[in-house]
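One structure is given below, encoded as structure tokens.
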Amino acid sequence: MKENTVDILLVEDDEVDVMNVQRAFKKNHINNTLHIAGNGLEALALLRGDDKTQKLIPRPKIILLDLNMPKMNGIEFLQVLRKDPELKSLSVFVLTTSGDERDVIAAHQLNVAGYILKPIELECFIQALATLNLYWSLIEMP
Amino acid sequence: MNISIATKITSAAVTLVLITAAAVGFAVYSGSSALLVKHQLEDLGDQNHIAATRLTSHIKALRQDLQFLVGTPPIQGLVRTHSREDGIDLYDGSTERLWRSRLGVIFRQFLDAKPSYLQIRYIGLAEGGRELVRVERAHDGRAEVVPLSALQKKGQHTYFHETSKLKAGQIHLSEVTLNREQGEISKPKVAVMRASLPVFSPTGVLFGMVIINMDFLSVLENVTKDRHFYISNDRGDYLLHENPELSFGFEFGRQHRLQDDYPQIAEMFNKKSQLNEQTLYQTPDLKGEAISFYKAFFDPLHPQRFIVLALSASYQQVIAESVAVRNQSVVLALFLISIGGGAAWLFSRMLTQPLQQITQAAEQISKGNFDISLPTKADGELGLLTRGFNHMVQQINERDEALQHRLDELERVNRELDQFAYVTSHDLKAPLRAIANLSQWIEEDLEAIMTPDTHKQMDLLRGRVHRMEALIEGILQYSRVGRVAEEVMEVDINVLLYEIIENIAPPEDFSIEITPNMPTFNATKVRLSQVFANLISNAVKYRTRDDGQLKIAVKDAGSFYHFSVTDDGPGIAEEYHKKVFKIFQTLQARDTIESTGVGLTLVKKIVEEQGGIVTLESAEGRGSTFSFTWPKQPEVEHVT
């Protein structure tokens with residue numbers, strides 16, 4: 001397994017869920033830098049940079065995206081992302097509690113790399129993220 | 001389409017007119033026809049009577065003419081000259097020749113004036129009945145005096161003898177015979193009656209007689225037009241018959257008699273019979289003719305002498321008028337029928353047009369087209385009906401709009417509910433999961449100071465979290481039934497059941513029997529699967545022992561399948577049979593067996609949504625049988 005250095009952007013409004021991911025990263029010994037954005041707008045600001053926010057360098061190549069968020073939800077964020085020529089190639093994994101078919105379809109139409117339902121059991125979640133880590137460590141990023 | 005009302009009314013009216021016309025026509029026809037036939041028969045009798053009167057008055061005229069001629073001076077002049085040798089009339093000095101000549105002139109003038117007379121003669125008794133003067137009709141029809149040398153003796157003739165016996169003034173009327181010339185029957189045949197009057201000398205001695213030969217039938221020439229006309233003498237011999245061979249048969253030694261042809265009137269020839277007139281009609285042997293018989297008495301000297309006149313008309317002639325009346329009746333009836341039918345048609349059209357419009361409108365409405373307006377100007381019931389109908393259409397339209405409005409509202413509410421469910425699924429679950437996660441982290445972080453009690457409390461905490469999540473999931477599932485359309489596909493129930501059982505993973509010893517007749521049919525697979533899954537998992541979950549038995553069976557129930565799931569579990573007491581189908585109702589504490597109380601409610605809702613029913617047969621301690629029916633053909637789902 002090669003050393004994985006890509007940065008990861010987590011777009012999640014729920015603090016506990018953020019902690020959850022961080023904890024799962026720690027448990028799985030995932031060392032990738034994890035950036036946090038509270039909603040779609042904050043995520044775009046971090047990716048593009050604006051007068052208040054410093055653009056992330058290097059730009060995260062993997063985004064873990066919650067769908068239900070204030071201001072700009074996950075689907076809206078994806079729509080903007082896919083229209084942006086610089087950002088459209090980013091890999092997005094949806095990480096959500098919504099099993100609604102409409103969300104699944106909408107996400108896939110926006111070319112997500114995966115759609116993961118947050119399991120309620122912590123152990124399951126840790127496992128899911130371990131799998132995810134294994135997955136993106138195998139993938140060649142552009 | 002059925003026969004329209006207009007057609008029915010028209011045909012009813014035509015039938016009515018037809019019956020009326022036929023009844024009236026028949027009554028008029030039968031009434032008038034008898035009358036008309038009677039009238040025709042009377043007419044026939046009258047014609048015959050007139051013919052007879054003409055004949056008898058002609059004979060009467062003959063007798064008067066004879067008396068007139070006998071009274072002329074040359075008759076006695078010749079009596080006087082005849083008794084003298086020198087032949088000179090002492091009375092005025094005329095010679096016999098002169099008297100003859102004078103009488104010849106009188107006779108000739110007379111004959112010329114009376115076309116029906118054939119011959120007038122003056123016959124003397126002397127010299128064997130020698131003719132004194134004879135005037136006869138020449139071939140050209142003119143009267144001419146026969147020269148002295150051609151005069152004949154007539155003493156041997158019957159009429160001569162008969163007349164010789166008469167007293168002064170008495171006239172002998174001969175039998176009607178065929179005219180003879182020199183003893184031979186003259187041609188063409190002429191029927192002759194001879195009238196003769198004796199001439200006496202002043203001293204009362206019979207001197208001779210004057211005789212007129214009359215063409216007997218000449219006066220009847222016009223009677224026979226369009227009719228068969230027969231005359232017979234008082235013996236019945238035909239004197240006139242349309243077949244010349246049959247008339248005057250007795251002159252040729254044959255007998256052709258009227259009473260032989262019409263035996264019905266034989267009685268008339270009985271001299272004593274008072275039957276002088278008779279009309280026959282419609283007797284079987286008449287061969288379609290009506291015939292009138294009339295006995296005409298003509299001889300004052302022999303009042304019993306008669307001739308019979310028979311006038312016949314064909315059946316067609318008799319009924320001609322009644323046929324005409326009948327034809328008129330038929331024409332009139334047809335006319336009435338066409339007028340009546342036409343009027344009925346127009347009237348029924350007028351009457352039924354609004355009805356037809358309403359019918360068509362109703363048809364349109366039944367096809368879902370409510371955009372209809374009807375003319376309401378008609379009077380009476382039809383107008384009322386039309387207005388009522390219009391009102392109804394208007395109301396339907398209004399209600400339709402109201403309904404549409406409600407539907408829109410309902411749709412909106414449904415969308416809201418949808419949104420609510422979505423929000424619930426996410427927003428209620430998220431905190432739950434956070435609680436679960438946090439509790440676990442706390443447990444991990446405080447590992448060092450955790451006691452068995454606090455461990456158990458943490459477990460309980462997370463258990464409640466899971467229960468809450470299950471309840472939320474239950475609500476979501478319940479609200480999705482009927483709100484979210486599920487795909488209809490071909491479902492092999494056998495395969496479906498195996499999939500479900502595999503998912504549920506019952507204990508190894510738990511036996512599940514599936515009857516081999518499970519169908520394959522079109523259904524909403526997801527829903528049917530939910531029903532089976534809930535029933536089977538219930539049976540597994542509430543089993544009383546690990547080697548429990550479950551039987552899944554199917555029966556045909558017409559347009560439905562009747563499925564049943566029978567277990568040998570604890571059973572459900574009668575009083576809870578209704579309660580188990582209510583949402584969030586459980587029979588055991590959730591701490592004993594984790595249950596949301598949504599499963600059976602969901603089953604009931606799904607099955608009833610499909611038009612089926614769920615039934616429960618169970619008693620405590622005797623297992624349970626849950627049955628449900630499912631349509632063989634899926635209903636068209638109305639899901640927004």
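Chains: A, B, ... in order of the structure tokens. Residues: from 1 per chain. Ligands: from 1, in order shown.
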
Compile the residues of chain A that lie within 10 Å of chain B, evaluated using only C-alpha atoms, and express the compilation as a list in words.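 Only these qualify: Asp14, Glu15, Val16, Asp17, Met19, Asn20, Arg23, Leu67, Asn68, Thr96, Thr97, Ser98, Gly99, Asp100, Lys118, Pro119, Ile120, Glu121, Leu122, Glu123 and Phe125 of chain A.
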
Would you write out those residues with N, CA and C atoms, as a short mmCIF file (atom, residue, chain, number, x, y, z; two decimals), in the first residue's frame?
```cif
data_model
loop_
_atom_site.label_atom_id
_atom_site.label_comp_id
_atom_site.auth_asym_id
_atom_site.auth_seq_id
_atom_site.Cartn_x
_atom_site.Cartn_y
_atom_site.Cartn_z
N ASP A 14 -23.40 18.57 11.52
CA ASP A 14 -23.62 18.03 12.86
C ASP A 14 -22.27 17.77 13.54
N GLU A 15 -22.10 18.44 14.66
CA GLU A 15 -20.82 18.37 15.35
C GLU A 15 -20.48 16.95 15.78
N VAL A 16 -21.49 16.23 16.24
CA VAL A 16 -21.27 14.86 16.69
C VAL A 16 -20.82 13.99 15.53
N ASP A 17 -21.45 14.24 14.37
CA ASP A 17 -21.08 13.47 13.18
C ASP A 17 -19.63 13.78 12.78
N MET A 19 -17.28 14.69 14.88
CA MET A 19 -16.49 13.96 15.87
C MET A 19 -16.43 12.47 15.51
N ASN A 20 -17.55 12.00 15.06
CA ASN A 20 -17.70 10.59 14.67
C ASN A 20 -16.67 10.24 13.61
N ARG A 23 -13.16 10.49 14.95
CA ARG A 23 -12.88 9.34 15.81
C ARG A 23 -12.63 8.08 14.99
N LEU A 67 -25.88 15.35 3.18
CA LEU A 67 -26.87 15.96 2.27
C LEU A 67 -27.69 17.04 2.97
N ASN A 68 -28.16 16.70 4.20
CA ASN A 68 -29.07 17.61 4.87
C ASN A 68 -28.28 18.62 5.69
N THR A 96 -24.56 10.03 4.48
CA THR A 96 -25.80 10.64 4.95
C THR A 96 -26.68 9.67 5.70
N THR A 97 -27.65 10.19 6.41
CA THR A 97 -28.65 9.35 7.06
C THR A 97 -29.85 9.13 6.16
N SER A 98 -29.97 9.91 5.06
CA SER A 98 -31.17 9.83 4.21
C SER A 98 -31.07 8.67 3.23
N GLY A 99 -31.97 7.72 3.42
CA GLY A 99 -32.02 6.61 2.46
C GLY A 99 -33.04 6.87 1.36
N ASP A 100 -33.52 8.09 1.30
CA ASP A 100 -34.56 8.40 0.32
C ASP A 100 -34.04 8.19 -1.10
N LYS A 118 -25.10 6.38 6.77
CA LYS A 118 -24.42 6.34 8.07
C LYS A 118 -25.06 5.27 8.93
N PRO A 119 -24.30 4.24 9.28
CA PRO A 119 -24.88 3.21 10.16
C PRO A 119 -25.01 3.78 11.56
N ILE A 120 -25.98 3.26 12.28
CA ILE A 120 -26.21 3.80 13.62
C ILE A 120 -25.19 3.29 14.62
N GLU A 121 -24.70 2.08 14.36
CA GLU A 121 -23.70 1.52 15.25
C GLU A 121 -22.34 2.15 14.97
N LEU A 122 -21.71 2.55 16.00
CA LEU A 122 -20.40 3.19 15.87
C LEU A 122 -19.39 2.25 15.21
N GLU A 123 -19.44 1.00 15.63
CA GLU A 123 -18.51 0.01 15.08
C GLU A 123 -18.67 -0.10 13.57
N PHE A 125 -19.79 2.14 11.61
CA PHE A 125 -19.35 3.35 10.95
C PHE A 125 -17.82 3.33 10.80
#
```

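Summary of the local environment: counting only C-alpha atoms, residues at most 9 Å from Val603 of chain B, other than itself and those fewer than 5 positions away along its chain, are B:Arg527, B:Leu528, B:Gln530, B:Val531, B:Phe532, B:Asn534, B:Leu535, B:Phe581, B:Val598, B:Glu608, B:Val614.
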
Keeping N, CA, C and O atoms, export the residues of the selection given above as a CSV table (one decimal), in the first residue's frame.
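Okay, result.csv is ready:
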```csv
chain,number,residue,atom,x,y,z
B,527,ARG,N,-44.5,-4.4,-1.9
B,527,ARG,CA,-45.6,-4.5,-0.9
B,527,ARG,C,-45.9,-5.9,-0.4
B,527,ARG,O,-46.0,-6.2,0.8
B,528,LEU,N,-46.0,-6.8,-1.4
B,528,LEU,CA,-46.3,-8.2,-1.1
B,528,LEU,C,-45.2,-8.7,-0.2
B,528,LEU,O,-45.5,-9.5,0.7
B,530,GLN,N,-43.3,-7.1,1.8
B,530,GLN,CA,-43.4,-6.5,3.2
B,530,GLN,C,-44.5,-7.3,4.0
B,530,GLN,O,-44.2,-7.6,5.2
B,531,VAL,N,-45.6,-7.6,3.3
B,531,VAL,CA,-46.6,-8.3,4.0
B,531,VAL,C,-46.1,-9.7,4.5
B,531,VAL,O,-46.2,-10.0,5.7
B,532,PHE,N,-45.6,-10.5,3.6
B,532,PHE,CA,-45.1,-11.8,4.0
B,532,PHE,C,-44.0,-11.7,5.0
B,532,PHE,O,-43.9,-12.4,6.0
B,534,ASN,N,-43.4,-9.4,7.3
B,534,ASN,CA,-43.9,-9.1,8.6
B,534,ASN,C,-44.6,-10.3,9.2
B,534,ASN,O,-44.3,-10.5,10.4
B,535,LEU,N,-45.4,-11.0,8.4
B,535,LEU,CA,-46.1,-12.1,9.0
B,535,LEU,C,-45.1,-13.2,9.4
B,535,LEU,O,-45.2,-13.8,10.5
B,581,PHE,N,-53.8,-5.0,15.2
B,581,PHE,CA,-53.7,-4.4,13.9
B,581,PHE,C,-53.5,-2.9,14.1
B,581,PHE,O,-53.4,-2.1,13.1
B,598,VAL,N,-45.7,-1.8,14.7
B,598,VAL,CA,-46.1,-1.2,13.4
B,598,VAL,C,-46.4,-2.3,12.3
B,598,VAL,O,-47.2,-2.2,11.5
B,608,GLU,N,-55.2,-3.8,2.4
B,608,GLU,CA,-56.5,-3.1,2.2
B,608,GLU,C,-56.3,-2.1,1.0
B,608,GLU,O,-57.2,-1.8,0.3
B,614,VAL,N,-57.5,-8.7,5.6
B,614,VAL,CA,-56.6,-9.5,6.4
B,614,VAL,C,-57.5,-10.1,7.5
B,614,VAL,O,-58.4,-9.4,8.1
```

Give me, as a PyMOL selection string, all polymer residues having an atom no more than 10 Å from segment 59-67 of chain B, counting only C-alpha atoms and skipping those fewer than 4 positions away in the same chain. chain B and resi 53-55+71-72+110+114+116-117+120+169-173+193-198+210-214+216+298-300

Atom-to-atom span, atom CA of Pro516 of chain B and atom CA of Ser618 of chain B, Å: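 One can read the atom CA of Pro516 of chain B to atom CA of Ser618 of chain B distance as 24.4 Å.
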
Identify all residues of segment 94-144 of chain B in helix (DSSP H, G or I) (DSSP on the backbone) and supply them as a list in words.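 So the helix (DSSP H, G or I) residues in segment 94-144 of chain B would be Glu96, Arg97, Leu98, Trp99, Arg100, Ser101, Arg102, Leu103, Gly104, Val105, Ile106, Phe107, Arg108, Gln109, Phe110, Leu111, Asp112, Ala113, Ala126, Glu127, Gly128 and Gly129 of chain B.
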
Go ahead and save the picked residues with N, CA, C and O atoms, as a PDB file, in the first residue's frame.
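Below is the file out.pdb, written as the result:
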```
ATOM      1  N   GLU B  96    -163.824  -1.789-106.129  1.00  0.00           N
ATOM      2  CA  GLU B  96    -162.996  -2.624-105.218  1.00  0.00           C
ATOM      3  C   GLU B  96    -161.523  -2.304-105.398  1.00  0.00           C
ATOM      4  O   GLU B  96    -160.743  -2.230-104.464  1.00  0.00           O
ATOM      5  N   ARG B  97    -161.157  -2.115-106.645  1.00  0.00           N
ATOM      6  CA  ARG B  97    -159.755  -1.820-106.959  1.00  0.00           C
ATOM      7  C   ARG B  97    -159.304  -0.532-106.286  1.00  0.00           C
ATOM      8  O   ARG B  97    -158.200  -0.443-105.731  1.00  0.00           O
ATOM      9  N   LEU B  98    -160.212   0.417-106.308  1.00  0.00           N
ATOM     10  CA  LEU B  98    -159.897   1.711-105.709  1.00  0.00           C
ATOM     11  C   LEU B  98    -159.687   1.575-104.183  1.00  0.00           C
ATOM     12  O   LEU B  98    -158.741   2.101-103.598  1.00  0.00           O
ATOM     13  N   TRP B  99    -160.638   0.766-103.584  1.00  0.00           N
ATOM     14  CA  TRP B  99    -160.487   0.573-102.131  1.00  0.00           C
ATOM     15  C   TRP B  99    -159.176  -0.139-101.787  1.00  0.00           C
ATOM     16  O   TRP B  99    -158.485   0.179-100.858  1.00  0.00           O
ATOM     17  N   ARG B 100    -158.923  -1.119-102.590  1.00  0.00           N
ATOM     18  CA  ARG B 100    -157.649  -1.844-102.364  1.00  0.00           C
ATOM     19  C   ARG B 100    -156.472  -0.867-102.440  1.00  0.00           C
ATOM     20  O   ARG B 100    -155.553  -0.893-101.601  1.00  0.00           O
ATOM     21  N   SER B 101    -156.546  -0.076-103.512  1.00  0.00           N
ATOM     22  CA  SER B 101    -155.462   0.887-103.710  1.00  0.00           C
ATOM     23  C   SER B 101    -155.356   1.836-102.515  1.00  0.00           C
ATOM     24  O   SER B 101    -154.269   2.104-101.999  1.00  0.00           O
ATOM     25  N   ARG B 102    -156.532   2.319-102.055  1.00  0.00           N
ATOM     26  CA  ARG B 102    -156.521   3.248-100.913  1.00  0.00           C
ATOM     27  C   ARG B 102    -155.953   2.571 -99.658  1.00  0.00           C
ATOM     28  O   ARG B 102    -155.121   3.124 -98.937  1.00  0.00           O
ATOM     29  N   LEU B 103    -156.451   1.345 -99.434  1.00  0.00           N
ATOM     30  CA  LEU B 103    -155.975   0.635 -98.238  1.00  0.00           C
ATOM     31  C   LEU B 103    -154.464   0.376 -98.330  1.00  0.00           C
ATOM     32  O   LEU B 103    -153.713   0.489 -97.351  1.00  0.00           O
ATOM     33  N   GLY B 104    -154.032   0.055 -99.565  1.00  0.00           N
ATOM     34  CA  GLY B 104    -152.593  -0.170 -99.785  1.00  0.00           C
ATOM     35  C   GLY B 104    -151.792   1.057 -99.403  1.00  0.00           C
ATOM     36  O   GLY B 104    -150.750   0.955 -98.757  1.00  0.00           O
ATOM     37  N   VAL B 105    -152.332   2.225 -99.799  1.00  0.00           N
ATOM     38  CA  VAL B 105    -151.625   3.476 -99.452  1.00  0.00           C
ATOM     39  C   VAL B 105    -151.557   3.650 -97.928  1.00  0.00           C
ATOM     40  O   VAL B 105    -150.498   3.943 -97.359  1.00  0.00           O
ATOM     41  N   ILE B 106    -152.709   3.396 -97.290  1.00  0.00           N
ATOM     42  CA  ILE B 106    -152.751   3.576 -95.821  1.00  0.00           C
ATOM     43  C   ILE B 106    -151.752   2.626 -95.144  1.00  0.00           C
ATOM     44  O   ILE B 106    -150.943   3.004 -94.303  1.00  0.00           O
ATOM     45  N   PHE B 107    -151.849   1.349 -95.579  1.00  0.00           N
ATOM     46  CA  PHE B 107    -150.962   0.340 -94.974  1.00  0.00           C
ATOM     47  C   PHE B 107    -149.496   0.705 -95.193  1.00  0.00           C
ATOM     48  O   PHE B 107    -148.645   0.586 -94.295  1.00  0.00           O
ATOM     49  N   ARG B 108    -149.227   1.178 -96.459  1.00  0.00           N
ATOM     50  CA  ARG B 108    -147.827   1.496 -96.773  1.00  0.00           C
ATOM     51  C   ARG B 108    -147.337   2.660 -95.927  1.00  0.00           C
ATOM     52  O   ARG B 108    -146.255   2.609 -95.337  1.00  0.00           O
ATOM     53  N   GLN B 109    -148.184   3.672 -95.801  1.00  0.00           N
ATOM     54  CA  GLN B 109    -147.806   4.841 -94.992  1.00  0.00           C
ATOM     55  C   GLN B 109    -147.566   4.423 -93.535  1.00  0.00           C
ATOM     56  O   GLN B 109    -146.639   4.864 -92.875  1.00  0.00           O
ATOM     57  N   PHE B 110    -148.490   3.550 -93.139  1.00  0.00           N
ATOM     58  CA  PHE B 110    -148.406   3.102 -91.744  1.00  0.00           C
ATOM     59  C   PHE B 110    -147.116   2.319 -91.482  1.00  0.00           C
ATOM     60  O   PHE B 110    -146.410   2.518 -90.496  1.00  0.00           O
ATOM     61  N   LEU B 111    -146.828   1.446 -92.435  1.00  0.00           N
ATOM     62  CA  LEU B 111    -145.626   0.620 -92.296  1.00  0.00           C
ATOM     63  C   LEU B 111    -144.364   1.472 -92.294  1.00  0.00           C
ATOM     64  O   LEU B 111    -143.413   1.223 -91.538  1.00  0.00           O
ATOM     65  N   ASP B 112    -144.410   2.501 -93.169  1.00  0.00           N
ATOM     66  CA  ASP B 112    -143.251   3.395 -93.202  1.00  0.00           C
ATOM     67  C   ASP B 112    -143.069   4.135 -91.868  1.00  0.00           C
ATOM     68  O   ASP B 112    -141.936   4.396 -91.420  1.00  0.00           O
ATOM     69  N   ALA B 113    -144.220   4.442 -91.258  1.00  0.00           N
ATOM     70  CA  ALA B 113    -144.156   5.204 -90.002  1.00  0.00           C
ATOM     71  C   ALA B 113    -143.752   4.334 -88.806  1.00  0.00           C
ATOM     72  O   ALA B 113    -143.300   4.856 -87.775  1.00  0.00           O
ATOM     73  N   ALA B 126    -163.157 -15.298 -97.610  1.00  0.00           N
ATOM     74  CA  ALA B 126    -163.504 -16.017 -98.830  1.00  0.00           C
ATOM     75  C   ALA B 126    -162.252 -16.541 -99.521  1.00  0.00           C
ATOM     76  O   ALA B 126    -161.134 -16.100 -99.235  1.00  0.00           O
ATOM     77  N   GLU B 127    -162.473 -17.481-100.398  1.00  0.00           N
ATOM     78  CA  GLU B 127    -161.410 -18.061-101.238  1.00  0.00           C
ATOM     79  C   GLU B 127    -160.248 -18.614-100.394  1.00  0.00           C
ATOM     80  O   GLU B 127    -159.079 -18.400-100.684  1.00  0.00           O
ATOM     81  N   GLY B 128    -160.663 -19.300 -99.282  1.00  0.00           N
ATOM     82  CA  GLY B 128    -159.617 -19.985 -98.474  1.00  0.00           C
ATOM     83  C   GLY B 128    -158.676 -19.012 -97.786  1.00  0.00           C
ATOM     84  O   GLY B 128    -157.491 -19.277 -97.660  1.00  0.00           O
ATOM     85  N   GLY B 129    -159.269 -17.889 -97.450  1.00  0.00           N
ATOM     86  CA  GLY B 129    -158.416 -16.932 -96.684  1.00  0.00           C
ATOM     87  C   GLY B 129    -157.468 -16.177 -97.584  1.00  0.00           C
ATOM     88  O   GLY B 129    -156.283 -16.022 -97.268  1.00  0.00           O
TER      89      GLY B 129
END
```

Pull the strand (DSSP E) assignments for chain A out of DSSP run on the backbone, and list those residues as a VMD selection string. chain A and resid 8 to 11 34 to 37 62 to 65 91 to 96 114 to 117

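The shell of residues at most 10 Å from Pro58 of chain A, with only C-alpha atoms counted and near chain neighbours (fewer than 4 positions) removed, consists of Val6, Asp7 and Leu47 of chain A.
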
Interatomic distance between atom CA of Asn276 of chain B and atom CA of Ala296 of chain B?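 Between these atoms lies a distance of 7.8 Å.
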